[in-house]
Amino acid sequence: MEFQKDNSLVGGRLKSVTYAFNGAVKLITTEHSIMVQFSIAILMTIAGFCLNITATEWLFQTLAIGLVMSVEGLNTAIEKIADFVHPNYHESIGFIKDISAGAVFFAAITAIVIGLIIYVPKFL
């Protein structure tokens with residue numbers, strides 16, 4: 001059977017969304033770092049409902065969650081590619097992976113600061 005590309009506007013976009021959704025499910029179900037980040041995202045969402053955060057606070061919280069999850073997904077992809085290209089330890093691959101993890105660190109720190117700005121005043 002020959003693979004046929006769907007060039008239709010709707011059909012092609014639906015396939016792209018399906019691939020993206022499947023990728024998100026693979027991330028959440030197979031990668032421990034994403035599982036942790038996803039669990040934290042759920043907890044923060046529950047906290048948002050329980051503490052009745054404002055619409056603006058929801059925007060910032062949602063952006064922070066999306067930022068961390070996205071960067072964590074990109075980090076995972078970079079690590080998988082690096083391991084595929086060079087399965088044994090290599091100094092340059094280690095450097096690349098460290099930089100990728102550093103990007104996740106920046107995103108996580110940003111999300112923590114946003115969370116503190118939103119939630120600390122609720123307890124004062």
# chains A, B, ... in the order shown; residues from 1 in each chain; ligands from 1

call {"tool": "residues_around", "arguments": {"residues": "Leu116 of chain A", "least_positions_apart": "5", "cutoff": "12 Å", "atoms": "only C-alpha atoms", "output": "PDB file with N, CA, C and O atoms, in the first residue's frame"}}
result
ATOM      1  N   MET A  44      -1.437  22.859  40.448  1.00  0.00           N
ATOM      2  CA  MET A  44      -1.567  24.313  40.368  1.00  0.00           C
ATOM      3  C   MET A  44      -2.929  24.717  39.790  1.00  0.00           C
ATOM      4  O   MET A  44      -3.493  25.735  40.192  1.00  0.00           O
ATOM      5  N   GLU A  57      -4.579  36.241  36.518  1.00  0.00           N
ATOM      6  CA  GLU A  57      -3.721  35.239  37.156  1.00  0.00           C
ATOM      7  C   GLU A  57      -3.804  33.903  36.420  1.00  0.00           C
ATOM      8  O   GLU A  57      -2.792  33.225  36.243  1.00  0.00           O
ATOM      9  N   PHE A  60      -1.541  34.135  33.342  1.00  0.00           N
ATOM     10  CA  PHE A  60      -0.121  33.961  33.655  1.00  0.00           C
ATOM     11  C   PHE A  60       0.190  32.526  34.075  1.00  0.00           C
ATOM     12  O   PHE A  60       1.222  31.966  33.688  1.00  0.00           O
ATOM     13  N   GLN A  61      -0.693  31.933  34.856  1.00  0.00           N
ATOM     14  CA  GLN A  61      -0.456  30.554  35.289  1.00  0.00           C
ATOM     15  C   GLN A  61      -0.483  29.601  34.096  1.00  0.00           C
ATOM     16  O   GLN A  61       0.382  28.735  33.969  1.00  0.00           O
ATOM     17  N   ALA A  64       2.659  30.020  32.119  1.00  0.00           N
ATOM     18  CA  ALA A  64       3.801  29.411  32.807  1.00  0.00           C
ATOM     19  C   ALA A  64       3.781  27.891  32.657  1.00  0.00           C
ATOM     20  O   ALA A  64       4.817  27.273  32.388  1.00  0.00           O
ATOM     21  N   ILE A 109      12.092  28.167  36.775  1.00  0.00           N
ATOM     22  CA  ILE A 109      12.273  29.284  37.709  1.00  0.00           C
ATOM     23  C   ILE A 109      11.256  30.382  37.415  1.00  0.00           C
ATOM     24  O   ILE A 109      10.645  30.960  38.329  1.00  0.00           O
ATOM     25  N   THR A 110      11.032  30.658  36.132  1.00  0.00           N
ATOM     26  CA  THR A 110      10.028  31.647  35.751  1.00  0.00           C
ATOM     27  C   THR A 110       8.650  31.237  36.259  1.00  0.00           C
ATOM     28  O   THR A 110       7.909  32.056  36.820  1.00  0.00           O
ATOM     29  N   ALA A 111       8.300  29.967  36.094  1.00  0.00           N
ATOM     30  CA  ALA A 111       7.002  29.477  36.561  1.00  0.00           C
ATOM     31  C   ALA A 111       6.885  29.560  38.074  1.00  0.00           C
ATOM     32  O   ALA A 111       5.825  29.912  38.609  1.00  0.00           O
ATOM     33  N   PRO A 121       0.310  36.113  48.070  1.00  0.00           N
ATOM     34  CA  PRO A 121      -0.650  37.084  48.647  1.00  0.00           C
ATOM     35  C   PRO A 121      -1.952  36.427  49.134  1.00  0.00           C
ATOM     36  O   PRO A 121      -2.632  36.972  50.003  1.00  0.00           O
ATOM     37  N   LYS A 122      -2.300  35.271  48.601  1.00  0.00           N
ATOM     38  CA  LYS A 122      -3.525  34.591  49.027  1.00  0.00           C
ATOM     39  C   LYS A 122      -3.420  34.083  50.464  1.00  0.00           C
ATOM     40  O   LYS A 122      -4.424  33.835  51.123  1.00  0.00           O
ATOM     41  N   PHE A 123      -2.183  33.909  50.940  1.00  0.00           N
ATOM     42  CA  PHE A 123      -1.964  33.374  52.288  1.00  0.00           C
ATOM     43  C   PHE A 123      -1.512  34.430  53.284  1.00  0.00           C
ATOM     44  O   PHE A 123      -1.267  34.116  54.439  1.00  0.00           O
ATOM     45  N   LEU A 124      -1.377  35.670  52.836  1.00  0.00           N
ATOM     46  CA  LEU A 124      -0.955  36.749  53.730  1.00  0.00           C
ATOM     47  C   LEU A 124      -2.136  37.497  54.304  1.00  0.00           C
ATOM     48  O   LEU A 124      -3.188  37.570  53.845  1.00  0.00           O
TER      49      LEU A 124
END

call {"tool": "select_by_dssp", "arguments": {"residues": "chain A", "states": "alpha helix (DSSP H)", "output": "count of residues only"}}
result
105

call {"tool": "atom_distance", "arguments": {"atom1": "atom CA of Val25 of chain A", "atom2": "atom CA of Val10 of chain A"}}
result
22.3 Å

call {"tool": "closest_residue", "arguments": {"among": "A:Ala20, A:Val68, A:Leu9, A:Ala77", "to": "Phe106 of chain A", "atoms": "only C-alpha atoms"}}
result
A:Val68

call {"tool": "atom_distance", "arguments": {"atom1": "atom CA of Ser92 of chain A", "atom2": "atom CA of Ile78 of chain A"}}
result
13.0 Å

call {"tool": "closest_residue", "arguments": {"among": "A:Ile118, A:Val85, A:Ile99, A:Ile42", "to": "Met69 of chain A", "atoms": "only C-alpha atoms"}}
result
A:Ile42

call {"tool": "atom_distance", "arguments": {"atom1": "atom CA of Glu31 of chain A", "atom2": "atom CA of Gly11 of chain A"}}
result
29.7 Å

call {"tool": "residues_around", "arguments": {"residues": "Val71 of chain A", "least_positions_apart": "4", "cutoff": "8 Å", "atoms": "only C-alpha atoms", "output": "short mmCIF file (atom, residue, chain, number, x, y, z; two decimals) with N, CA and C atoms, in the first residue's frame"}}
result
data_model
loop_
_atom_site.label_atom_id
_atom_site.label_comp_id
_atom_site.auth_asym_id
_atom_site.auth_seq_id
_atom_site.Cartn_x
_atom_site.Cartn_y
_atom_site.Cartn_z
N LEU A 67 4.68 27.06 29.10
CA LEU A 67 6.10 27.30 28.87
C LEU A 67 6.94 26.14 29.39
N ASN A 75 13.34 19.73 25.41
CA ASN A 75 14.52 19.17 26.06
C ASN A 75 14.55 17.65 25.87
N ALA A 103 17.75 25.34 29.76
CA ALA A 103 16.56 26.05 29.26
C ALA A 103 15.33 25.67 30.08
N VAL A 104 15.22 24.40 30.45
CA VAL A 104 14.11 23.95 31.30
C VAL A 104 14.22 24.62 32.67
N ALA A 107 12.84 28.11 32.46
CA ALA A 107 11.38 28.08 32.38
C ALA A 107 10.77 27.74 33.73
#

call {"tool": "closest_residue", "arguments": {"among": "A:Val120, A:Ile65, A:Val113, A:Ala108", "to": "Leu43 of chain A", "atoms": "only C-alpha atoms"}}
result
A:Ile65

call {"tool": "closest_residue", "arguments": {"among": "A:Leu74, A:Ala41, A:Ala47, A:Ile117", "to": "Ala24 of chain A", "atoms": "only C-alpha atoms"}}
result
A:Leu74

call {"tool": "closest_residue", "arguments": {"among": "A:Gly115, A:Gly102, A:Ile40, A:Gly66", "to": "Ile53 of chain A", "atoms": "only C-alpha atoms"}}
result
A:Gly115
